file input32.cif (mmCIF, N, CA, C and O atoms)
data_upload
loop_
_atom_site.label_atom_id
_atom_site.label_comp_id
_atom_site.auth_asym_id
_atom_site.auth_seq_id
_atom_site.Cartn_x
_atom_site.Cartn_y
_atom_site.Cartn_z
N MET A 20 0.84 -1.17 0.00
CA MET A 20 0.00 0.00 0.00
C MET A 20 0.88 1.24 0.00
O MET A 20 1.79 1.37 0.82
N LEU A 21 0.63 2.14 -0.90
CA LEU A 21 1.35 3.40 -0.93
C LEU A 21 0.61 4.42 -0.08
O LEU A 21 -0.57 4.68 -0.30
N ALA A 22 1.32 4.99 0.88
CA ALA A 22 0.70 5.99 1.75
C ALA A 22 0.63 7.32 1.00
O ALA A 22 1.60 7.78 0.45
N SER A 23 -0.57 7.89 0.97
CA SER A 23 -0.73 9.19 0.32
C SER A 23 -1.05 10.28 1.33
O SER A 23 -1.09 11.44 0.98
N ALA A 24 -1.30 9.89 2.56
CA ALA A 24 -1.58 10.86 3.62
C ALA A 24 -1.09 10.28 4.94
O ALA A 24 -0.99 9.07 5.09
N ARG A 25 -0.83 11.15 5.86
CA ARG A 25 -0.34 10.71 7.16
C ARG A 25 -1.32 11.12 8.24
O ARG A 25 -1.92 12.19 8.18
N PHE A 26 -1.49 10.25 9.25
CA PHE A 26 -2.37 10.51 10.37
C PHE A 26 -1.64 10.07 11.63
O PHE A 26 -1.34 8.90 11.80
N ASP A 27 -1.32 11.02 12.50
CA ASP A 27 -0.62 10.70 13.74
C ASP A 27 -1.62 10.60 14.88
O ASP A 27 -2.61 11.33 14.93
N LEU A 28 -1.33 9.70 15.79
CA LEU A 28 -2.24 9.45 16.90
C LEU A 28 -1.42 9.23 18.17
O LEU A 28 -0.49 8.43 18.17
N LYS A 29 -1.80 9.94 19.23
CA LYS A 29 -1.14 9.73 20.51
C LYS A 29 -2.10 8.99 21.42
O LYS A 29 -3.27 9.37 21.56
N ILE A 30 -1.61 7.90 22.01
CA ILE A 30 -2.42 7.13 22.95
C ILE A 30 -1.58 6.84 24.19
O ILE A 30 -0.35 6.89 24.13
N ASP A 31 -2.25 6.52 25.29
CA ASP A 31 -1.49 6.23 26.50
C ASP A 31 -0.93 4.81 26.44
O ASP A 31 -1.26 4.03 25.55
N ALA A 32 -0.08 4.48 27.39
CA ALA A 32 0.62 3.19 27.38
C ALA A 32 -0.33 2.01 27.44
O ALA A 32 -0.12 0.99 26.75
N ALA A 33 -1.38 2.11 28.23
CA ALA A 33 -2.34 1.00 28.35
C ALA A 33 -3.06 0.77 27.02
O ALA A 33 -3.27 -0.37 26.60
N GLU A 34 -3.45 1.86 26.35
CA GLU A 34 -4.12 1.73 25.05
C GLU A 34 -3.17 1.13 24.02
O GLU A 34 -3.56 0.28 23.23
N LYS A 35 -1.90 1.56 24.07
CA LYS A 35 -0.93 1.02 23.12
C LYS A 35 -0.73 -0.47 23.34
O LYS A 35 -0.65 -1.24 22.37
N GLU A 36 -0.67 -0.89 24.59
CA GLU A 36 -0.51 -2.31 24.90
C GLU A 36 -1.72 -3.11 24.40
O GLU A 36 -1.56 -4.18 23.82
N LEU A 37 -2.90 -2.57 24.60
CA LEU A 37 -4.12 -3.22 24.14
C LEU A 37 -4.11 -3.39 22.61
O LEU A 37 -4.37 -4.48 22.08
N VAL A 38 -3.79 -2.31 21.91
CA VAL A 38 -3.74 -2.36 20.44
C VAL A 38 -2.64 -3.29 19.97
O VAL A 38 -2.82 -4.07 19.03
N SER A 39 -1.50 -3.26 20.64
CA SER A 39 -0.38 -4.12 20.27
C SER A 39 -0.75 -5.59 20.41
O SER A 39 -0.45 -6.39 19.52
N ARG A 40 -1.40 -5.94 21.50
CA ARG A 40 -1.80 -7.33 21.72
C ARG A 40 -2.83 -7.77 20.67
O ARG A 40 -2.75 -8.87 20.13
N ALA A 41 -3.79 -6.90 20.39
CA ALA A 41 -4.81 -7.23 19.39
C ALA A 41 -4.18 -7.39 18.00
O ALA A 41 -4.54 -8.31 17.26
N ALA A 42 -3.28 -6.49 17.67
CA ALA A 42 -2.60 -6.57 16.37
C ALA A 42 -1.81 -7.86 16.25
O ALA A 42 -1.83 -8.52 15.20
N ALA A 43 -1.15 -8.25 17.33
CA ALA A 43 -0.38 -9.50 17.33
C ALA A 43 -1.31 -10.70 17.11
O ALA A 43 -0.96 -11.62 16.37
N LEU A 44 -2.47 -10.67 17.73
CA LEU A 44 -3.43 -11.76 17.53
C LEU A 44 -3.89 -11.86 16.08
O LEU A 44 -4.17 -12.94 15.57
N MET A 45 -3.98 -10.70 15.42
CA MET A 45 -4.39 -10.67 14.02
C MET A 45 -3.22 -10.94 13.08
O MET A 45 -3.41 -11.08 11.88
N GLY A 46 -2.02 -10.97 13.62
CA GLY A 46 -0.83 -11.20 12.80
C GLY A 46 -0.49 -10.03 11.91
O GLY A 46 -0.04 -10.20 10.78
N THR A 47 -0.73 -8.82 12.42
CA THR A 47 -0.48 -7.62 11.64
C THR A 47 0.23 -6.57 12.49
O THR A 47 0.42 -6.76 13.70
N THR A 48 0.61 -5.50 11.87
CA THR A 48 1.24 -4.41 12.61
C THR A 48 0.19 -3.58 13.32
O THR A 48 -1.00 -3.63 12.99
N MET A 49 0.65 -2.81 14.28
CA MET A 49 -0.27 -1.91 14.98
C MET A 49 -0.89 -0.92 14.01
O MET A 49 -2.08 -0.64 14.07
N ALA A 50 -0.09 -0.39 13.11
CA ALA A 50 -0.60 0.59 12.15
C ALA A 50 -1.69 -0.02 11.27
O ALA A 50 -2.74 0.58 11.06
N SER A 51 -1.45 -1.23 10.79
CA SER A 51 -2.46 -1.89 9.96
C SER A 51 -3.71 -2.20 10.75
O SER A 51 -4.83 -2.04 10.25
N PHE A 52 -3.53 -2.64 11.99
CA PHE A 52 -4.67 -2.95 12.83
C PHE A 52 -5.52 -1.71 13.09
O PHE A 52 -6.75 -1.74 12.95
N VAL A 53 -4.87 -0.60 13.44
CA VAL A 53 -5.59 0.64 13.72
C VAL A 53 -6.28 1.14 12.46
O VAL A 53 -7.43 1.57 12.49
N ARG A 54 -5.59 1.09 11.33
CA ARG A 54 -6.17 1.53 10.05
C ARG A 54 -7.42 0.69 9.73
O ARG A 54 -8.47 1.23 9.39
N MET A 55 -7.31 -0.63 9.87
CA MET A 55 -8.43 -1.51 9.57
C MET A 55 -9.60 -1.25 10.53
O MET A 55 -10.75 -1.14 10.10
N ALA A 56 -9.31 -1.12 11.82
CA ALA A 56 -10.37 -0.89 12.80
C ALA A 56 -11.05 0.45 12.57
O ALA A 56 -12.28 0.56 12.66
N ALA A 57 -10.28 1.46 12.25
CA ALA A 57 -10.85 2.79 12.00
C ALA A 57 -11.73 2.77 10.76
O ALA A 57 -12.82 3.36 10.75
N LYS A 58 -11.28 2.10 9.69
CA LYS A 58 -12.08 2.02 8.47
C LYS A 58 -13.38 1.27 8.71
O LYS A 58 -14.44 1.68 8.24
N GLU A 59 -13.31 0.17 9.46
CA GLU A 59 -14.52 -0.61 9.75
C GLU A 59 -15.51 0.21 10.56
O GLU A 59 -16.71 0.22 10.26
N LYS A 60 -15.02 0.90 11.58
CA LYS A 60 -15.90 1.70 12.43
C LYS A 60 -16.49 2.86 11.65
O LYS A 60 -17.69 3.17 11.77
N ALA A 61 -15.69 3.52 10.84
CA ALA A 61 -16.18 4.65 10.03
C ALA A 61 -17.23 4.18 9.03
O ALA A 61 -18.27 4.83 8.87
N ALA A 62 -16.99 3.07 8.38
CA ALA A 62 -17.96 2.55 7.40
C ALA A 62 -19.28 2.19 8.08
O ALA A 62 -20.36 2.48 7.57
N ALA A 63 -19.19 1.55 9.26
CA ALA A 63 -20.40 1.17 9.99
C ALA A 63 -21.19 2.40 10.41
O ALA A 63 -22.42 2.45 10.29
N LEU A 64 -20.50 3.41 10.90
CA LEU A 64 -21.17 4.63 11.35
C LEU A 64 -21.82 5.35 10.17
O LEU A 64 -22.97 5.79 10.25
N LEU A 65 -21.11 5.47 9.07
CA LEU A 65 -21.67 6.13 7.89
C LEU A 65 -22.87 5.37 7.34
O LEU A 65 -23.85 5.97 6.91
N GLU A 66 -22.79 4.05 7.35
CA GLU A 66 -23.92 3.22 6.90
C GLU A 66 -25.13 3.44 7.80
O GLU A 66 -26.25 3.63 7.32
N GLN A 67 -24.90 3.44 9.10
CA GLN A 67 -25.99 3.65 10.07
C GLN A 67 -26.63 5.02 9.90
O GLN A 67 -27.85 5.15 9.93
N GLU A 68 -25.82 6.02 9.70
CA GLU A 68 -26.33 7.39 9.61
C GLU A 68 -26.96 7.70 8.26
O GLU A 68 -27.63 8.72 8.11
N SER A 69 -26.77 6.83 7.27
CA SER A 69 -27.35 7.09 5.95
C SER A 69 -28.74 6.48 5.80
O SER A 69 -29.39 6.66 4.78
N ARG A 70 -29.20 5.78 6.83
CA ARG A 70 -30.51 5.14 6.78
C ARG A 70 -31.53 5.96 7.57
O ARG A 70 -31.20 6.59 8.56
N ILE A 71 -32.74 5.89 7.12
CA ILE A 71 -33.85 6.50 7.83
C ILE A 71 -34.69 5.36 8.37
O ILE A 71 -35.15 4.50 7.62
N THR A 72 -34.88 5.33 9.66
CA THR A 72 -35.67 4.29 10.29
C THR A 72 -36.94 4.91 10.85
O THR A 72 -36.88 5.94 11.52
N MET A 73 -38.06 4.29 10.56
CA MET A 73 -39.32 4.81 11.08
C MET A 73 -40.26 3.66 11.39
O MET A 73 -40.08 2.55 10.88
N THR A 74 -41.24 3.95 12.21
CA THR A 74 -42.24 2.94 12.55
C THR A 74 -43.13 2.69 11.33
O THR A 74 -43.14 3.49 10.39
N ALA A 75 -43.89 1.61 11.38
CA ALA A 75 -44.82 1.31 10.30
C ALA A 75 -45.84 2.43 10.15
O ALA A 75 -46.20 2.81 9.03
N HIS A 76 -46.29 2.97 11.26
CA HIS A 76 -47.26 4.07 11.23
C HIS A 76 -46.65 5.30 10.55
O HIS A 76 -47.28 5.93 9.69
N ASP A 77 -45.42 5.63 10.93
CA ASP A 77 -44.74 6.78 10.31
C ASP A 77 -44.51 6.54 8.82
O ASP A 77 -44.64 7.45 8.00
N PHE A 78 -44.16 5.31 8.45
CA PHE A 78 -43.94 4.99 7.04
C PHE A 78 -45.23 5.16 6.25
O PHE A 78 -45.23 5.72 5.15
N ASP A 79 -46.32 4.67 6.81
CA ASP A 79 -47.62 4.82 6.13
C ASP A 79 -47.96 6.30 5.96
O ASP A 79 -48.43 6.71 4.89
N ALA A 80 -47.74 7.11 6.99
CA ALA A 80 -48.02 8.54 6.90
C ALA A 80 -47.13 9.19 5.84
O ALA A 80 -47.59 10.03 5.06
N PHE A 81 -45.88 8.80 5.80
CA PHE A 81 -44.93 9.34 4.83
C PHE A 81 -45.35 8.98 3.40
O PHE A 81 -45.42 9.85 2.53
N THR A 82 -45.66 7.71 3.18
CA THR A 82 -46.04 7.31 1.82
C THR A 82 -47.38 7.92 1.41
O THR A 82 -47.56 8.25 0.24
N THR A 83 -48.29 8.08 2.36
CA THR A 83 -49.56 8.74 2.05
C THR A 83 -49.31 10.18 1.62
O THR A 83 -49.88 10.66 0.64
N ALA A 84 -48.43 10.86 2.33
CA ALA A 84 -48.11 12.24 1.98
C ALA A 84 -47.43 12.32 0.62
O ALA A 84 -47.77 13.19 -0.21
N ILE A 85 -46.51 11.42 0.37
CA ILE A 85 -45.81 11.42 -0.92
C ILE A 85 -46.78 11.08 -2.05
O ILE A 85 -46.83 11.75 -3.08
N ASN A 86 -47.55 10.02 -1.85
CA ASN A 86 -48.50 9.62 -2.89
C ASN A 86 -49.57 10.68 -3.10
O ASN A 86 -50.04 10.86 -4.22
N GLY A 87 -49.96 11.36 -2.05
CA GLY A 87 -50.95 12.42 -2.17
C GLY A 87 -50.48 13.55 -3.07
O GLY A 87 -51.29 14.20 -3.75
N ALA A 88 -49.20 13.76 -3.13
CA ALA A 88 -48.65 14.81 -3.99
C ALA A 88 -48.90 14.50 -5.46
O ALA A 88 -48.93 15.40 -6.29
N PHE A 89 -49.12 13.23 -5.78
CA PHE A 89 -49.31 12.82 -7.16
C PHE A 89 -50.79 12.73 -7.55
O PHE A 89 -51.11 12.37 -8.67
N THR A 90 -51.68 12.99 -6.62
CA THR A 90 -53.09 12.87 -6.92
C THR A 90 -53.75 14.22 -7.20
O THR A 90 -54.94 14.27 -7.44
N THR A 91 -52.99 15.28 -7.18
CA THR A 91 -53.56 16.62 -7.38
C THR A 91 -53.26 17.11 -8.79
O THR A 91 -52.74 18.20 -8.97
N GLY A 92 -53.57 16.29 -9.78
CA GLY A 92 -53.38 16.70 -11.17
C GLY A 92 -51.99 16.46 -11.71
O GLY A 92 -51.70 16.77 -12.86
N PHE A 93 -51.11 15.88 -10.91
CA PHE A 93 -49.75 15.61 -11.36
C PHE A 93 -49.69 14.21 -11.93
O PHE A 93 -50.18 13.26 -11.33
N THR A 94 -49.08 14.07 -13.08
CA THR A 94 -48.86 12.76 -13.68
C THR A 94 -47.37 12.48 -13.70
O THR A 94 -46.62 13.22 -14.34
N PRO A 95 -46.94 11.44 -13.00
CA PRO A 95 -45.50 11.14 -12.98
C PRO A 95 -45.02 10.68 -14.35
O PRO A 95 -45.78 10.06 -15.10
N ASN A 96 -43.76 10.99 -14.64
CA ASN A 96 -43.18 10.51 -15.90
C ASN A 96 -43.01 8.99 -15.82
O ASN A 96 -43.14 8.40 -14.75
N PRO A 97 -42.73 8.33 -16.93
CA PRO A 97 -42.64 6.87 -16.92
C PRO A 97 -41.62 6.31 -15.92
O PRO A 97 -41.88 5.29 -15.28
N ALA A 98 -40.49 6.96 -15.77
CA ALA A 98 -39.48 6.46 -14.83
C ALA A 98 -39.99 6.53 -13.40
O ALA A 98 -39.80 5.59 -12.61
N LEU A 99 -40.63 7.63 -13.03
CA LEU A 99 -41.17 7.76 -11.68
C LEU A 99 -42.32 6.80 -11.47
O LEU A 99 -42.43 6.17 -10.41
N ALA A 100 -43.19 6.66 -12.45
CA ALA A 100 -44.31 5.72 -12.32
C ALA A 100 -43.79 4.30 -12.11
O ALA A 100 -44.30 3.56 -11.26
N SER A 101 -42.75 3.94 -12.83
CA SER A 101 -42.15 2.61 -12.68
C SER A 101 -41.54 2.45 -11.29
O SER A 101 -41.70 1.41 -10.65
N ALA A 102 -40.86 3.48 -10.81
CA ALA A 102 -40.25 3.42 -9.48
C ALA A 102 -41.32 3.29 -8.40
O ALA A 102 -41.15 2.54 -7.43
N LEU A 103 -42.44 3.99 -8.56
CA LEU A 103 -43.52 3.89 -7.59
C LEU A 103 -44.12 2.49 -7.57
O LEU A 103 -44.39 1.93 -6.50
N LEU A 104 -44.30 1.90 -8.74
CA LEU A 104 -44.83 0.53 -8.81
C LEU A 104 -43.85 -0.46 -8.18
O LEU A 104 -44.26 -1.37 -7.46
N GLU A 105 -42.58 -0.26 -8.45
CA GLU A 105 -41.56 -1.14 -7.88
C GLU A 105 -41.53 -1.01 -6.36
O GLU A 105 -41.41 -2.00 -5.64
N ALA A 106 -41.66 0.21 -5.85
CA ALA A 106 -41.65 0.43 -4.41
C ALA A 106 -42.84 -0.24 -3.74
O ALA A 106 -42.73 -0.73 -2.62
N GLU A 107 -43.96 -0.29 -4.40
CA GLU A 107 -45.14 -0.95 -3.84
C GLU A 107 -44.93 -2.46 -3.69
O GLU A 107 -45.55 -3.09 -2.85
N GLN A 108 -44.04 -3.04 -4.50
CA GLN A 108 -43.80 -4.47 -4.48
C GLN A 108 -42.82 -4.89 -3.37
O GLN A 108 -42.72 -6.07 -3.06
N VAL A 109 -42.11 -3.92 -2.79
CA VAL A 109 -41.13 -4.24 -1.76
C VAL A 109 -41.84 -4.62 -0.48
O VAL A 109 -42.73 -3.92 -0.02
N LYS A 110 -41.45 -5.75 0.08
CA LYS A 110 -42.06 -6.21 1.33
C LYS A 110 -41.43 -5.46 2.49
O LYS A 110 -40.22 -5.48 2.67
N ARG A 111 -42.23 -4.80 3.25
CA ARG A 111 -41.76 -4.05 4.41
C ARG A 111 -41.92 -4.92 5.66
O ARG A 111 -42.89 -5.64 5.80
N VAL A 112 -40.96 -4.84 6.54
CA VAL A 112 -41.04 -5.59 7.80
C VAL A 112 -41.30 -4.67 8.96
O VAL A 112 -41.10 -3.53 8.95
#

call {"tool": "encode", "arguments": {"input": "input32.cif", "output": "structure tokens"}}
result
Amino acid sequence: MLASARFDLKIDAAEKELVSRAAALMGTTMASFVRMAAKEKAAALLEQESRITMTAHDFDAFTTAINGAFTTGFTPNPALASALLEAEQVKRV
């Protein structure tokens, strides 16, 4: 891997020992272990924050509001009409 940016991190001795032991268990360097752990945590957080979670009641209210916008003389174009039909087929849990 070619490094294109540098990131320095200061940790206390106990944290360094913890990371060192974990990296050894993984058979990798501390730098690789920290890089991998940081990437995994960042990806998980970004994935979590990119989702909208709502109750079934809230979802019904949302879709009613959205669908209502199309009943006041608006005709969706073919792509939107297709997307709406496809969305209706998705099983919600």

call {"tool": "atom_distance", "arguments": {"input": "input32.cif", "atom1": "CA of Asn86 in chain A", "atom2": "CA of Leu103 in chain A"}}
result
8.9 Å

call {"tool": "resolve_selection", "arguments": {"input": "input32.cif", "expression": "the PyMOL selection byres ((chain A and resi 23-38) around 7)", "output": "list in words"}}
result
Met20, Leu21, Ala22, Ser39, Arg40, Ala41, Ala42, Ala43, Leu44, Thr47, Thr48, Met49, Phe52 and Val53 of chain A

call {"tool": "atom_distance", "arguments": {"input": "input32.cif", "atom1": "atom C of Gly46 in chain A", "atom2": "atom N of Glu59 in chain A"}}
result
16.6 Å

call {"tool": "atom_distance", "arguments": {"input": "input32.cif", "atom1": "CA of Gln108 in chain A", "atom2": "CA of Phe93 in chain A"}}
result
22.0 Å

call {"tool": "select_by_dssp", "arguments": {"input": "input32.cif", "residues": "chain A", "states": "helix (DSSP H, G or I)", "output": "NGL selection string"}}
result
:A and (32-45 or 49-68 or 75-87 or 97-108)

call {"tool": "decode", "arguments": {"input": "input32.cif", "residues": "range 45-56 of chain A", "atoms": "all heavy atoms", "output": "CSV table (one decimal), in the first residue's frame"}}
result
chain,number,residue,atom,x,y,z
A,45,MET,N,-4.0,-10.7,15.4
A,45,MET,CA,-4.4,-10.7,14.0
A,45,MET,C,-3.2,-10.9,13.1
A,45,MET,O,-3.4,-11.1,11.9
A,45,MET,CB,-5.0,-9.3,13.7
A,45,MET,CG,-6.3,-9.0,14.4
A,45,MET,SD,-7.7,-9.8,13.8
A,45,MET,CE,-7.9,-9.1,12.2
A,46,GLY,N,-2.0,-11.0,13.6
A,46,GLY,CA,-0.8,-11.2,12.8
A,46,GLY,C,-0.5,-10.0,11.9
A,46,GLY,O,0.0,-10.2,10.8
A,47,THR,N,-0.7,-8.8,12.4
A,47,THR,CA,-0.5,-7.6,11.6
A,47,THR,C,0.2,-6.6,12.5
A,47,THR,O,0.4,-6.8,13.7
A,47,THR,CB,-1.8,-7.1,11.1
A,47,THR,OG1,-1.5,-6.0,10.1
A,47,THR,CG2,-2.7,-6.6,12.2
A,48,THR,N,0.6,-5.5,11.9
A,48,THR,CA,1.2,-4.4,12.6
A,48,THR,C,0.2,-3.6,13.3
A,48,THR,O,-1.0,-3.6,13.0
A,48,THR,CB,2.0,-3.5,11.7
A,48,THR,OG1,1.1,-2.8,10.8
A,48,THR,CG2,3.1,-4.3,10.9
A,49,MET,N,0.7,-2.8,14.3
A,49,MET,CA,-0.3,-1.9,15.0
A,49,MET,C,-0.9,-0.9,14.0
A,49,MET,O,-2.1,-0.6,14.1
A,49,MET,CB,0.5,-1.2,16.1
A,49,MET,CG,0.7,-2.1,17.3
A,49,MET,SD,1.6,-1.2,18.7
A,49,MET,CE,0.8,0.3,18.8
A,50,ALA,N,-0.1,-0.4,13.1
A,50,ALA,CA,-0.6,0.6,12.2
A,50,ALA,C,-1.7,0.0,11.3
A,50,ALA,O,-2.7,0.6,11.1
A,50,ALA,CB,0.5,1.1,11.3
A,51,SER,N,-1.5,-1.2,10.8
A,51,SER,CA,-2.5,-1.9,10.0
A,51,SER,C,-3.7,-2.2,10.8
A,51,SER,O,-4.8,-2.0,10.2
A,51,SER,CB,-1.9,-3.2,9.4
A,51,SER,OG,-0.9,-2.9,8.4
A,52,PHE,N,-3.5,-2.6,12.0
A,52,PHE,CA,-4.7,-3.0,12.8
A,52,PHE,C,-5.5,-1.7,13.1
A,52,PHE,O,-6.7,-1.7,13.0
A,52,PHE,CB,-4.2,-3.6,14.2
A,52,PHE,CG,-5.3,-3.9,15.1
A,52,PHE,CD1,-6.1,-5.1,14.9
A,52,PHE,CD2,-5.7,-3.0,16.1
A,52,PHE,CE1,-7.1,-5.4,15.8
A,52,PHE,CE2,-6.8,-3.3,16.9
A,52,PHE,CZ,-7.5,-4.5,16.8
A,53,VAL,N,-4.9,-0.6,13.4
A,53,VAL,CA,-5.6,0.6,13.7
A,53,VAL,C,-6.3,1.1,12.5
A,53,VAL,O,-7.4,1.6,12.5
A,53,VAL,CB,-4.7,1.7,14.3
A,53,VAL,CG1,-5.3,3.1,14.4
A,53,VAL,CG2,-4.2,1.3,15.7
A,54,ARG,N,-5.6,1.1,11.3
A,54,ARG,CA,-6.2,1.5,10.1
A,54,ARG,C,-7.4,0.7,9.7
A,54,ARG,O,-8.5,1.2,9.4
A,54,ARG,CB,-5.1,1.4,8.9
A,54,ARG,CG,-5.6,1.9,7.6
A,54,ARG,CD,-4.5,2.0,6.5
A,54,ARG,NE,-3.6,0.9,6.5
A,54,ARG,CZ,-2.3,1.0,7.0
A,54,ARG,NH1,-1.8,2.1,7.5
A,54,ARG,NH2,-1.5,-0.1,6.9
A,55,MET,N,-7.3,-0.6,9.9
A,55,MET,CA,-8.4,-1.5,9.6
A,55,MET,C,-9.6,-1.2,10.5
A,55,MET,O,-10.7,-1.1,10.1
A,55,MET,CB,-8.0,-3.0,9.7
A,55,MET,CG,-9.1,-4.0,9.5
A,55,MET,SD,-8.6,-5.7,9.7
A,55,MET,CE,-8.1,-5.6,11.5
A,56,ALA,N,-9.3,-1.1,11.8
A,56,ALA,CA,-10.4,-0.9,12.8
A,56,ALA,C,-11.1,0.5,12.6
A,56,ALA,O,-12.3,0.6,12.7
A,56,ALA,CB,-9.8,-1.0,14.2
